[in-house]
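Shown next: query-v3.txt, given as compact mmCIF, C-alpha atoms.
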# COMPACT_ATOMS: atom_id res chain seq x y z
CA MET A 56 131.43 129.45 131.59
CA SER A 57 133.62 130.10 134.59
CA ALA A 58 136.01 127.53 135.94
CA GLU A 59 133.80 127.28 139.03
CA ALA A 60 130.77 126.51 136.91
CA ALA A 61 132.64 123.84 134.99
CA ASP A 62 133.49 122.17 138.29
CA ALA A 63 129.94 122.41 139.62
CA PRO A 64 128.70 119.36 141.53
CA HIS A 65 126.27 118.39 138.75
CA ALA A 66 129.07 118.01 136.21
CA PRO A 67 129.87 114.33 135.63
CA ALA A 68 133.04 113.37 137.45
CA LYS A 69 135.77 112.04 135.21
CA THR A 70 137.12 109.65 137.80
CA ASN A 71 134.96 106.72 138.76
CA SER A 72 135.33 103.32 140.32
CA ALA A 73 133.30 100.17 140.76
CA LEU A 74 133.77 96.88 142.51
CA LEU A 75 131.89 94.14 140.73
CA ARG A 76 131.55 90.58 141.94
CA ILE A 77 129.62 88.09 139.85
CA ALA A 78 129.00 84.42 140.50
CA GLY A 79 130.56 82.27 137.81
CA GLY A 80 127.98 81.34 135.20
CA PRO A 81 125.69 82.99 132.70
CA LEU A 82 125.69 86.40 134.38
CA VAL A 83 129.38 87.07 134.01
CA ALA A 84 129.60 88.15 130.39
CA PRO A 85 126.46 90.30 130.12
CA VAL A 86 126.92 92.07 133.46
CA LEU A 87 130.65 92.69 133.08
CA THR A 88 130.37 94.03 129.54
CA ARG A 89 127.51 96.37 130.36
CA VAL A 90 129.10 97.78 133.49
CA VAL A 91 132.44 98.33 131.77
CA ALA A 92 130.77 99.86 128.72
CA MET A 93 128.76 102.27 130.85
CA MET A 94 131.79 103.35 132.84
CA LEU A 95 133.84 103.90 129.71
CA ALA A 96 131.05 105.88 128.11
CA ARG A 97 130.99 108.10 131.20
CA ALA A 98 134.75 108.54 130.85
CA ASP A 99 134.34 109.76 127.25
CA CYS A 100 136.13 106.72 125.86
CA PRO A 101 136.27 106.73 122.04
CA VAL A 102 134.39 103.97 120.31
CA ASP A 103 137.45 102.09 119.03
CA ARG A 104 138.80 101.64 122.53
CA LEU A 105 135.31 100.77 123.76
CA ASP A 106 135.31 97.96 121.24
CA ASP A 107 138.74 96.86 122.49
CA ALA A 108 137.43 96.84 126.04
CA MET A 109 134.54 94.60 125.02
CA LEU A 110 137.03 92.08 123.62
CA ILE A 111 138.86 92.15 126.94
CA CYS A 112 135.58 91.58 128.78
CA ASP A 113 134.76 88.64 126.53
CA ALA A 114 138.14 87.06 127.25
CA LEU A 115 137.82 87.63 130.97
CA SER A 116 134.27 86.28 131.04
CA ALA A 117 135.34 83.14 129.23
CA HIS A 118 138.33 82.28 131.38
CA ALA A 119 138.55 84.24 134.62
CA PRO A 120 135.81 82.58 136.71
CA ALA A 121 137.50 79.19 136.41
CA LEU A 122 140.73 80.71 137.72
CA ALA A 123 139.17 82.70 140.54
CA ALA A 124 140.00 81.65 144.06
CA ASP A 125 136.34 81.29 145.01
CA GLY A 126 134.71 80.71 141.63
CA ASN A 127 133.34 84.25 141.52
CA LEU A 128 134.65 86.88 139.16
CA ALA A 129 135.71 89.95 141.13
CA VAL A 130 136.73 92.99 139.12
CA THR A 131 137.65 96.46 140.28
CA ILE A 132 137.12 98.99 137.52
CA LEU A 133 138.77 102.40 137.68
CA THR A 134 138.22 105.01 134.99
CA ASP A 135 139.36 108.55 134.43
CA GLY A 136 139.57 110.84 131.47
CA GLY A 137 142.61 109.03 130.15
CA GLY A 138 141.97 105.36 130.60
CA MET A 139 140.69 102.42 132.53
CA THR A 140 142.31 99.99 134.92
CA LEU A 141 140.83 96.56 135.59
CA ARG A 142 141.97 94.54 138.58
CA ILE A 143 140.81 90.94 138.28
CA GLY A 144 141.05 88.73 141.31
CA ALA A 145 141.69 87.26 143.65
CA LEU A 146 142.87 84.52 141.31
CA ARG A 147 144.38 81.25 142.38
CA PRO A 148 148.19 81.16 142.54
CA GLY A 149 149.42 81.10 138.96
CA GLY A 150 146.01 82.24 137.77
CA GLY A 151 147.25 85.53 136.37
CA GLU A 152 149.64 83.93 133.96
CA ARG A 153 147.14 81.21 133.09
CA LEU A 154 144.52 83.83 132.34
CA ARG A 155 146.92 85.68 130.06
CA ARG A 156 147.74 82.46 128.20
CA ALA A 157 144.11 81.33 128.07
CA SER A 158 143.21 84.37 125.98
CA THR A 159 145.65 83.37 123.24
CA LEU A 160 144.18 83.00 119.77
CA PRO A 161 145.97 81.38 116.81
CA GLY A 162 147.74 84.02 114.76
CA VAL A 163 146.79 86.76 117.20
CA GLY A 164 148.53 85.85 120.41
CA SER A 165 147.18 86.84 123.78
CA VAL A 166 144.12 89.00 123.30
CA LEU A 167 144.64 90.60 126.68
CA GLU A 168 148.28 91.38 125.95
CA SER A 169 147.55 92.66 122.46
CA ILE A 170 144.88 95.12 123.53
CA ALA A 171 145.96 96.28 126.97
CA ASP A 172 148.60 98.96 127.23
CA GLU A 173 149.92 97.32 130.34
CA LEU A 174 149.35 93.88 131.80
CA ARG A 175 150.84 92.69 135.05
CA VAL A 176 150.24 90.23 137.85
CA GLU A 177 150.45 91.26 141.48
CA ALA A 178 150.06 89.32 144.68
CA SER A 179 146.74 89.95 146.37
CA ALA A 180 146.06 90.18 150.06
CA GLU A 181 144.28 86.84 150.02
CA ASP A 182 147.22 84.58 149.16
CA GLY A 183 146.26 84.78 145.54
CA GLU A 184 146.97 86.98 142.58
CA GLU A 185 145.42 89.87 140.74
CA LEU A 186 145.73 90.44 137.02
CA ILE A 187 145.89 94.15 136.32
CA LEU A 188 145.08 95.60 132.92
CA ASP A 189 145.54 99.20 131.89
CA LEU A 190 143.76 100.52 128.83
CA HIS A 191 144.69 104.02 127.76
CA PHE A 192 142.66 106.30 125.55
CA ALA A 193 142.37 109.93 124.72
CA ALA A 194 138.88 111.16 125.55
CA ALA A 195 136.63 111.60 122.53
CA GLU A 196 137.51 114.91 120.92
CA GLY A 197 133.98 116.25 120.69
CA ASP A 198 133.37 115.73 124.39
CA ARG A 199 136.40 117.54 125.72
CA GLN A 200 134.70 120.92 126.12
CA PRO A 201 131.98 121.29 128.72
CA ALA A 202 128.64 122.10 127.15
CA GLY A 203 128.14 125.85 127.00
CA SER A 204 131.80 126.71 127.26
CA PRO A 205 132.93 129.58 125.02
CA GLU A 206 135.10 127.19 123.02
CA SER A 207 132.17 124.92 122.22
CA ARG A 208 129.89 127.61 120.82
CA MET B 113 118.97 78.52 138.77
CA THR B 114 120.85 80.59 141.32
CA ALA B 115 122.80 83.60 140.23
CA ASN B 116 124.06 86.63 141.99
CA MET B 117 126.10 89.76 141.66
CA GLU B 118 127.36 92.59 143.82
CA LEU B 119 128.20 96.07 142.65
CA ALA B 120 129.70 98.89 144.70
CA LEU B 121 130.04 102.41 143.31
CA PRO B 122 130.41 105.95 144.58
CA ALA B 123 126.94 107.25 145.42
CA ARG B 124 126.59 109.65 142.52
CA ALA B 125 123.57 110.27 140.34
CA GLU B 126 125.33 109.20 137.16
CA ASN B 127 126.18 105.84 138.67
CA ILE B 128 122.52 104.90 139.05
CA ALA B 129 122.49 104.33 135.29
CA ILE B 130 125.26 101.77 135.73
CA VAL B 131 123.19 99.92 138.31
CA ARG B 132 120.21 99.95 135.94
CA HIS B 133 122.31 98.50 133.14
CA ALA B 134 123.74 95.81 135.39
CA LEU B 135 120.24 94.80 136.46
CA GLY B 136 119.13 94.81 132.85
CA ALA B 137 121.94 92.43 131.98
CA LEU B 138 121.03 90.20 134.90
CA GLY B 139 117.39 90.21 133.87
CA ASP B 140 118.18 89.40 130.26
CA ALA B 141 120.53 86.59 131.26
CA CYS B 142 117.92 85.10 133.58
CA GLY B 143 115.09 85.45 131.08
CA VAL B 144 113.10 88.00 133.07
CA GLY B 145 110.25 89.43 131.03
CA GLU B 146 110.48 93.09 130.09
CA PRO B 147 107.43 94.32 132.06
CA ALA B 148 108.75 92.77 135.24
CA LEU B 149 112.27 93.98 134.51
CA SER B 150 111.02 97.54 134.02
CA ASP B 151 109.36 97.43 137.43
CA ILE B 152 112.50 96.04 139.02
CA ARG B 153 114.69 98.71 137.46
CA LEU B 154 112.30 101.44 138.56
CA ALA B 155 112.15 100.22 142.15
CA VAL B 156 115.91 99.83 142.38
CA THR B 157 116.43 103.23 140.78
CA GLU B 158 114.28 104.76 143.51
CA ALA B 159 116.25 103.00 146.22
CA CYS B 160 119.55 104.12 144.70
CA THR B 161 118.26 107.67 144.29
CA ASN B 162 117.44 107.71 147.99
CA VAL B 163 121.04 106.79 148.73
CA VAL B 164 122.41 109.51 146.46
CA ILE B 165 120.13 112.19 147.88
CA HIS B 166 119.80 111.25 151.54
CA ALA B 167 122.57 108.94 152.71
CA TYR B 168 125.50 111.32 152.77
CA ALA B 169 126.10 114.97 153.46
CA ALA B 170 126.45 117.21 150.45
CA ASP B 171 130.18 117.56 150.94
CA GLN B 172 130.76 113.85 151.46
CA GLU B 173 130.85 110.93 149.09
CA GLY B 174 130.14 107.40 150.20
CA PRO B 175 129.47 104.06 148.64
CA LEU B 176 126.32 102.76 147.00
CA GLU B 177 126.20 98.99 147.22
CA VAL B 178 123.78 96.82 145.31
CA SER B 179 123.47 93.06 145.43
CA ALA B 180 121.10 90.94 143.40
CA THR B 181 120.31 87.27 143.81
CA VAL B 182 118.13 85.15 141.59
CA ALA B 183 116.90 81.93 143.13
CA GLY B 184 114.29 80.07 141.18
CA GLU B 185 111.50 82.50 140.35
CA LYS B 186 112.53 85.08 142.92
CA LEU B 187 114.87 88.03 142.59
CA THR B 188 116.14 89.75 145.72
CA VAL B 189 117.86 93.10 145.42
CA ILE B 190 119.48 94.79 148.41
CA VAL B 191 120.62 98.41 148.22
CA LYS B 192 122.99 99.46 150.99
CA ASP B 193 124.76 102.59 152.10
CA HIS B 194 126.94 103.72 154.99
CA GLY B 195 124.72 106.62 155.97
CA PRO B 196 122.92 107.24 159.27
CA GLY B 197 119.78 105.35 158.32
CA ILE B 198 116.30 106.14 157.07
CA THR B 199 114.83 108.93 159.18
CA PRO B 200 112.19 111.60 158.62
CA ARG B 201 113.62 114.62 156.86
CA PRO B 202 111.47 117.75 156.89
CA ASP B 203 113.78 119.52 154.46
CA SER B 204 113.76 116.64 151.95
CA PRO B 205 114.11 117.87 148.37
CA GLY B 206 111.95 115.02 147.10
CA LEU B 207 108.23 114.38 147.12
CA GLY B 208 108.46 111.41 149.43
CA LEU B 209 107.19 109.01 146.81
CA GLY B 210 110.24 106.78 146.58
CA LEU B 211 109.52 104.23 149.29
CA PRO B 212 105.78 103.98 148.53
CA LEU B 213 106.66 103.40 144.89
CA ILE B 214 109.13 100.69 145.83
CA ALA B 215 106.51 99.08 148.04
CA SER B 216 104.01 99.05 145.23
CA LEU B 217 106.43 97.52 142.73
CA ALA B 218 108.09 94.87 144.89
CA ASP B 219 106.44 91.84 146.42
CA ALA B 220 108.10 92.54 149.73
CA VAL B 221 110.24 95.37 151.09
CA SER B 222 112.18 95.61 154.30
CA LEU B 223 114.19 98.50 155.67
CA GLY B 224 116.90 98.09 158.23
CA HIS B 225 120.56 97.47 158.78
CA ASP B 226 122.81 94.59 157.86
CA GLU B 227 125.24 92.89 160.23
CA GLN B 228 127.86 95.57 159.50
CA GLY B 229 125.45 98.34 160.43
CA ARG B 230 124.91 99.52 156.88
CA THR B 231 121.50 100.86 155.96
CA ALA B 232 119.81 98.28 153.77
CA VAL B 233 116.68 98.29 151.64
CA ARG B 234 115.73 94.78 150.65
CA MET B 235 113.32 94.20 147.80
CA ASP B 236 111.92 90.85 146.70
CA PHE B 237 110.44 90.40 143.26
CA SER B 238 108.75 87.47 141.64
CA ILE B 239 110.06 87.16 138.13
CA ALA B 240 108.14 85.83 135.16
CA ARG B 241 110.64 84.19 132.88
CA GLY B 242 110.62 85.18 129.26
CA GLY B 243 107.30 86.88 129.01
CA GLU B 244 104.69 88.90 130.80
CA GLY B 245 104.76 90.20 134.29
CA GLY B 246 105.21 93.39 136.19
CA HIS B 247 102.80 95.85 137.64
CA GLY B 248 103.20 98.48 134.98
CA GLY B 249 101.42 96.65 132.21
CA GLU B 250 97.74 96.49 131.52
CA GLY B 251 95.99 94.40 134.12
CA GLY B 252 98.91 94.51 136.51
CA GLY B 253 98.31 93.45 140.08
CA GLU B 254 98.45 95.56 143.17
CA GLY B 255 101.39 93.84 144.74
CA GLY B 256 101.58 92.65 148.30
CA GLY B 257 99.67 89.73 149.66
CA GLY B 258 102.40 87.39 148.55
CA GLU B 259 101.14 87.25 144.98
CA PRO B 260 103.80 87.12 142.29
CA ALA B 261 104.59 90.44 140.68
CA GLY B 262 104.36 88.78 137.30
CA ALA B 263 100.95 87.26 137.87
CA ALA B 264 99.19 89.49 135.37
CA LEU B 265 98.77 87.66 132.08
Can I see the file as C-alpha cells?
Amino acid sequence: MSAEAADAPHAPAKTNSALLRIAGGPLVAPVLTRVVAMMLARADCPVDRLDDAMLICDALSAHAPALAADGNLAVTILTDGGGMTLRIGALRPGGGERLRRASTLPGVGSVLESIADELRVEASAEDGEELILDLHFAAAEGDRQPAGSPESR
Amino acid sequence: MTANMELALPARAENIAIVRHALGALGDACGVGEPALSDIRLAVTEACTNVVIHAYAADQEGPLEVSATVAGEKLTVIVKDHGPGITPRPDSPGLGLGLPLIASLADAVSLGHDEQGRTAVRMDFSIARGGEGGHGGEGGGEGGGGEPAGAAL
C-alpha cells in the first residue's frame, strides 16, 4: 500500500475530539463511560489502559457533577494515537483540587492521580477551573499497521 | 424524569458510532425499551449520516452536534450542523431515503435552523419504558398522527 493510500480519506483518523455535556444525574456515568470507551477504541488504546480510563470515568461520574459550576458535567475529550486528554469543567473555584481529593480511596490514594500520567488544574474562561487529565498509551501493537500493508501480510 | 446531554464531534463517519453508543447509554439509563431504542438509534444515525455526507464540502470538516432530552415519556433529539442547510442535491450519492425513514420512525420531525443559524433536524420520540415499543417490531404502528411510537404491544 502506498503512503497516499494509507492516508486515504476513508482511513480512520487517529486524532479525534468530543465535547460532552451531561446533566447531573443518572445519565452521567453510562454516557461518559461509553463515549470515552468508543473514542479510546478508535484510538487503538490497549485494553489495560481502557480499563484505567473506565476507573477515571467512574470517579468523575461520582464526584464531578456536584463540583461543576452549573451542575452539569462538561468534558472535552481529545484522543490521538498516543493518548487521551480529558478537560473537566468548568468547575467551581477550588473544584479541581476537591475533585482530586474526592477520588481518594483508603490504601490507594487519589484514583485520578494514580492512573493519570498528568493531572493539573487550570483556570477556565468562566471564572472557574478545569481539571485536566492526560492518559498516555502506546497504541495496540496489532493495530499499528494499516490493513493490507506489506508489513501486515 | 428530565435528563439531557449534548455531544459535539467532528462530522466523520466513524463518529456516528459514538453518537449511537451515547444514545444507547441514555436509553438504557432511562429505561427505554429495546425496540423503541433501535428505532431511535436508526433515525438519529440517518440524521447524522446526512450531516457527514451533505453538510460540508469534501475538503472541509465541521462539527456534528447532537442533543438529547428526555422529559417524561418523550425523547427529543436534535442533530445540528454548520452547513448551508437542507437543499435539493441532484448529485447526491445517497438514495434519498434518509429523511423519509426518519419521518417514519419519529413521532414528529422538523427541519430548520436554530437561533445561531445552524441547520437543525429535530426528532421527537415517544418512549416506552422498560419494554415494548418501536415501529420495527411486529405490529408496529405507522407513526404520525400523534400516536406514541411505542404504542404497539
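Using all atoms listed in the file, the smallest distance between any of B:Asp193, B:Glu118, B:Ile130, B:Cys160 and Asn71 (chain A) comes from B:Ile130.
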Have a look at CA of Val191 (chain B) and CA of Ser179 (chain A) and let me know their distance in Å, one decimal.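 CA of Ser179 (chain A) lies at a distance of 27.5 Å from CA of Val191 (chain B).
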Please determine, counting all atoms listed in the file, which residue among B:Ile165, B:Ala220, B:Ile190, B:Ala180 has the shortest atom-to-atom distance to Gly136 (chain B).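 That would be B:Ala180, the residue with the smallest distance to Gly136 (chain B).
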Using all atoms listed in the file, find the one residue out of A:Leu110, A:Leu115, A:Val102, A:Ala129 that sits nearest to chain B.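 Going through A:Leu110, A:Leu115, A:Val102, A:Ala129 one by one, the smallest distance to chain B is for A:Ala129.
Residues in contact range of Thr88 (chain A), defined as at most 8 Å between only C-alpha atoms, with sequence neighbours fewer than 5 positions away removed, read Met109, Cys112 and Asp113 of chain A.
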Proximal residues of chain B relative to chain A (all atoms listed in the file; 12 Å) as a PyMOL selection string: chain B and resi 113-143+170-182
Could you dump the residues just selected with C-alpha atoms as a PDB file, keeping the file's coordinate frame?
ATOM      1  CA  MET B 113     118.970  78.520 138.770  1.00  0.00           C
ATOM      2  CA  THR B 114     120.850  80.590 141.320  1.00  0.00           C
ATOM      3  CA  ALA B 115     122.800  83.600 140.230  1.00  0.00           C
ATOM      4  CA  ASN B 116     124.060  86.630 141.990  1.00  0.00           C
ATOM      5  CA  MET B 117     126.100  89.760 141.660  1.00  0.00           C
ATOM      6  CA  GLU B 118     127.360  92.590 143.820  1.00  0.00           C
ATOM      7  CA  LEU B 119     128.200  96.070 142.650  1.00  0.00           C
ATOM      8  CA  ALA B 120     129.700  98.890 144.700  1.00  0.00           C
ATOM      9  CA  LEU B 121     130.040 102.410 143.310  1.00  0.00           C
ATOM     10  CA  PRO B 122     130.410 105.950 144.580  1.00  0.00           C
ATOM     11  CA  ALA B 123     126.940 107.250 145.420  1.00  0.00           C
ATOM     12  CA  ARG B 124     126.590 109.650 142.520  1.00  0.00           C
ATOM     13  CA  ALA B 125     123.570 110.270 140.340  1.00  0.00           C
ATOM     14  CA  GLU B 126     125.330 109.200 137.160  1.00  0.00           C
ATOM     15  CA  ASN B 127     126.180 105.840 138.670  1.00  0.00           C
ATOM     16  CA  ILE B 128     122.520 104.900 139.050  1.00  0.00           C
ATOM     17  CA  ALA B 129     122.490 104.330 135.290  1.00  0.00           C
ATOM     18  CA  ILE B 130     125.260 101.770 135.730  1.00  0.00           C
ATOM     19  CA  VAL B 131     123.190  99.920 138.310  1.00  0.00           C
ATOM     20  CA  ARG B 132     120.210  99.950 135.940  1.00  0.00           C
ATOM     21  CA  HIS B 133     122.310  98.500 133.140  1.00  0.00           C
ATOM     22  CA  ALA B 134     123.740  95.810 135.390  1.00  0.00           C
ATOM     23  CA  LEU B 135     120.240  94.800 136.460  1.00  0.00           C
ATOM     24  CA  GLY B 136     119.130  94.810 132.850  1.00  0.00           C
ATOM     25  CA  ALA B 137     121.940  92.430 131.980  1.00  0.00           C
ATOM     26  CA  LEU B 138     121.030  90.200 134.900  1.00  0.00           C
ATOM     27  CA  GLY B 139     117.390  90.210 133.870  1.00  0.00           C
ATOM     28  CA  ASP B 140     118.180  89.400 130.260  1.00  0.00           C
ATOM     29  CA  ALA B 141     120.530  86.590 131.260  1.00  0.00           C
ATOM     30  CA  CYS B 142     117.920  85.100 133.580  1.00  0.00           C
ATOM     31  CA  GLY B 143     115.090  85.450 131.080  1.00  0.00           C
ATOM     32  CA  ALA B 170     126.450 117.210 150.450  1.00  0.00           C
ATOM     33  CA  ASP B 171     130.180 117.560 150.940  1.00  0.00           C
ATOM     34  CA  GLN B 172     130.760 113.850 151.460  1.00  0.00           C
ATOM     35  CA  GLU B 173     130.850 110.930 149.090  1.00  0.00           C
ATOM     36  CA  GLY B 174     130.140 107.400 150.200  1.00  0.00           C
ATOM     37  CA  PRO B 175     129.470 104.060 148.640  1.00  0.00           C
ATOM     38  CA  LEU B 176     126.320 102.760 147.000  1.00  0.00           C
ATOM     39  CA  GLU B 177     126.200  98.990 147.220  1.00  0.00           C
ATOM     40  CA  VAL B 178     123.780  96.820 145.310  1.00  0.00           C
ATOM     41  CA  SER B 179     123.470  93.060 145.430  1.00  0.00           C
ATOM     42  CA  ALA B 180     121.100  90.940 143.400  1.00  0.00           C
ATOM     43  CA  THR B 181     120.310  87.270 143.810  1.00  0.00           C
ATOM     44  CA  VAL B 182     118.130  85.150 141.590  1.00  0.00           C
TER      45      VAL B 182
END
Atom pair CA of Thr70 (chain A) / CA of Ala232 (chain B): separation (Å):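 Pair CA of Thr70 (chain A) / CA of Ala232 (chain B) returns 26.2 Å.
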Separation of CA of Arg234 (chain B) from CA of Ser222 (chain B) in Å: 5.2 Å
Which residues, written as a list in words, have at least one atom at most 7 Å from region 235-237 of chain B, with all atoms listed in the file counted and residues fewer than 5 positions away on the same chain left out? Lys186, Leu187, Thr188, Val189, Ile190, Ala218, Asp219, Ala220, Val221, Ser222 and Ala261 of chain B
Find, counting all atoms listed in the file, the residue in A:Glu152, A:Glu173, A:Asp135, A:Asp189 that gets nearest to His118 (chain A).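 Comparing A:Glu152, A:Glu173, A:Asp135, A:Asp189 against His118 (chain A), the winner is A:Glu152.
With all atoms listed in the file as the atoms that count, the minimum distance from Arg142 (chain A) to the choices A:Glu168, A:Leu154, A:Arg175, A:Leu186 is reached by A:Leu186.
Among the candidates A:Thr140, A:Ala180, A:Thr134, A:Leu122, the one nearest to Arg155 (chain A) when counting only C-alpha atoms is A:Leu122.
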Go ahead and fit an axis-aligned box to every listed atom of region 159-162 of chain A plus 6 Å each side, and pass me the centre and edge lengths in Å, one decimal, as JSON.
{"center_x": 146.0, "center_y": 82.7, "center_z": 119.0, "size_x": 15.6, "size_y": 14.6, "size_z": 20.5}
